[in-house]
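To start, the structure under review is shown below, and the notes come after it.
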Amino acid sequence: MFLQLKARAGYWLARRLFHWSWFVRQPRGWRWLEGQFARMANLGDVGAQSFYGHILTFRGVGLGAREEGVRLLRLAALAGDGKAAYQVGVISLAGTASKAPDPAEAARFWEIAAKAGHPLAPIKLHALKAHDPGH
């Protein structure tokens, strides 16, 4: 209980400090922020999975950062996070180094995003279905 409360407090503070560019640019500051984001994401917090997943997918550095980001986005998307579901749909349609483009998977995640209220998901779904009438 105490450790979870400590994790939530650290995550709350890290989200605030994330907007202070001078803190983010400090290597020790960034490592601390990443530790807080990772801890909350690993505890199963959907918002943290989505937030940290986006960071790793688009700004992650090092081997496996993008893959870990996509994994976290998938977890958040399957839990109903619209922003994460939309992004997983975009990634699925584009494909990755280890996975070919998958329009069916993209449609599945865009449907999740649309149900969650993401404004672009219905547009992407419509365009995908218009491009692939057999879908």
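By order of appearance in the structure tokens: chains A, B, ..., then residues from 1 within every chain, and ligands from 1 in the order shown.
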Among stretch 1-90 of chain A, which ones does DSSP assign to alpha helix (DSSP H) (computed from the backbone)? Answer as a PyMOL selection string. chain A and resi 2-17+21-24+27-42+46-59+65-78+82-90
Selection: 9 Å around A:Arg15, only C-alpha atoms, excl. self and same-chain fewer than 4 positions, as a PyMOL selection string: chain A and resi 10-11+19+33+36-37
Could those residues be written to a file, using C-alpha atoms, as an mmCIF file, in the first residue's frame?
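again.cif written:
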data_model
loop_
_atom_site.group_PDB
_atom_site.id
_atom_site.type_symbol
_atom_site.label_atom_id
_atom_site.label_comp_id
_atom_site.auth_asym_id
_atom_site.auth_seq_id
_atom_site.Cartn_x
_atom_site.Cartn_y
_atom_site.Cartn_z
ATOM 1 C CA GLY A 10 6.394 10.192 -7.667
ATOM 2 C CA TYR A 11 4.461 9.843 -10.913
ATOM 3 C CA HIS A 19 6.971 20.279 -18.604
ATOM 4 C CA LEU A 33 11.500 10.971 -14.671
ATOM 5 C CA GLN A 36 8.774 7.228 -12.270
ATOM 6 C CA PHE A 37 6.989 6.745 -15.604
#
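One finds atom CA of A:Leu125 at 7.4 Å from atom CA of A:Glu111.
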So that I can see what lies close to stretch 44-49 of chain A, please list as a VMD selection string the residues with an atom at most 10 Å from it, counting only C-alpha atoms and leaving out residues fewer than 2 positions away in the same chain. chain A and resid 8 11 15 36 to 42 51 to 55 69 to 81 83 to 84
Keeping C-alpha atoms for every residue in the selection just given, could you write it to a file as a PDB file, in the first residue's frame?
ATOM      1  CA  ARG A   8       1.622   7.549  -7.410  1.00  0.00           C
ATOM      2  CA  TYR A  11       4.461   9.843 -10.913  1.00  0.00           C
ATOM      3  CA  ARG A  15       4.320  14.554 -14.822  1.00  0.00           C
ATOM      4  CA  GLN A  36       8.774   7.228 -12.270  1.00  0.00           C
ATOM      5  CA  PHE A  37       6.989   6.745 -15.604  1.00  0.00           C
ATOM      6  CA  ALA A  38       8.220   3.153 -15.943  1.00  0.00           C
ATOM      7  CA  ARG A  39       7.269   2.251 -12.377  1.00  0.00           C
ATOM      8  CA  MET A  40       3.695   3.462 -12.788  1.00  0.00           C
ATOM      9  CA  ALA A  41       3.352   1.819 -16.207  1.00  0.00           C
ATOM     10  CA  ASN A  42       4.617  -1.480 -14.770  1.00  0.00           C
ATOM     11  CA  PHE A  51       1.996   8.386 -21.688  1.00  0.00           C
ATOM     12  CA  TYR A  52       5.275   6.496 -21.308  1.00  0.00           C
ATOM     13  CA  GLY A  53       4.480   4.337 -24.334  1.00  0.00           C
ATOM     14  CA  HIS A  54       4.191   7.464 -26.483  1.00  0.00           C
ATOM     15  CA  ILE A  55       7.476   8.817 -25.115  1.00  0.00           C
ATOM     16  CA  GLY A  69       6.826   1.824 -26.239  1.00  0.00           C
ATOM     17  CA  VAL A  70       4.588  -0.051 -28.673  1.00  0.00           C
ATOM     18  CA  ARG A  71       4.067  -2.805 -26.085  1.00  0.00           C
ATOM     19  CA  LEU A  72       2.944  -0.257 -23.490  1.00  0.00           C
ATOM     20  CA  LEU A  73       0.687   1.443 -26.038  1.00  0.00           C
ATOM     21  CA  ARG A  74      -0.925  -1.915 -26.840  1.00  0.00           C
ATOM     22  CA  LEU A  75      -1.596  -2.586 -23.156  1.00  0.00           C
ATOM     23  CA  ALA A  76      -3.170   0.839 -22.724  1.00  0.00           C
ATOM     24  CA  ALA A  77      -5.181   0.466 -25.936  1.00  0.00           C
ATOM     25  CA  LEU A  78      -6.577  -2.907 -24.916  1.00  0.00           C
ATOM     26  CA  ALA A  79      -7.598  -1.327 -21.597  1.00  0.00           C
ATOM     27  CA  GLY A  80      -9.609   1.281 -23.530  1.00  0.00           C
ATOM     28  CA  ASP A  81      -7.265   4.268 -23.856  1.00  0.00           C
ATOM     29  CA  LYS A  83      -5.127   7.896 -27.778  1.00  0.00           C
ATOM     30  CA  ALA A  84      -3.040   4.746 -27.392  1.00  0.00           C
TER      31      ALA A  84
END
Got a sec: who's within 10 Å of A:Phe18, counting only C-alpha atoms, leaving out chain neighbours fewer than 5 positions off, as a ChimeraX atom specification? /A:13,23-25,29-30,33-34
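Relative to atom CA of A:Val90, atom CA of A:Ala107 is found at 9.4 Å.
For the pair atom CA of A:Gly62 and atom CA of A:Ala14, the separation is 21.3 Å.
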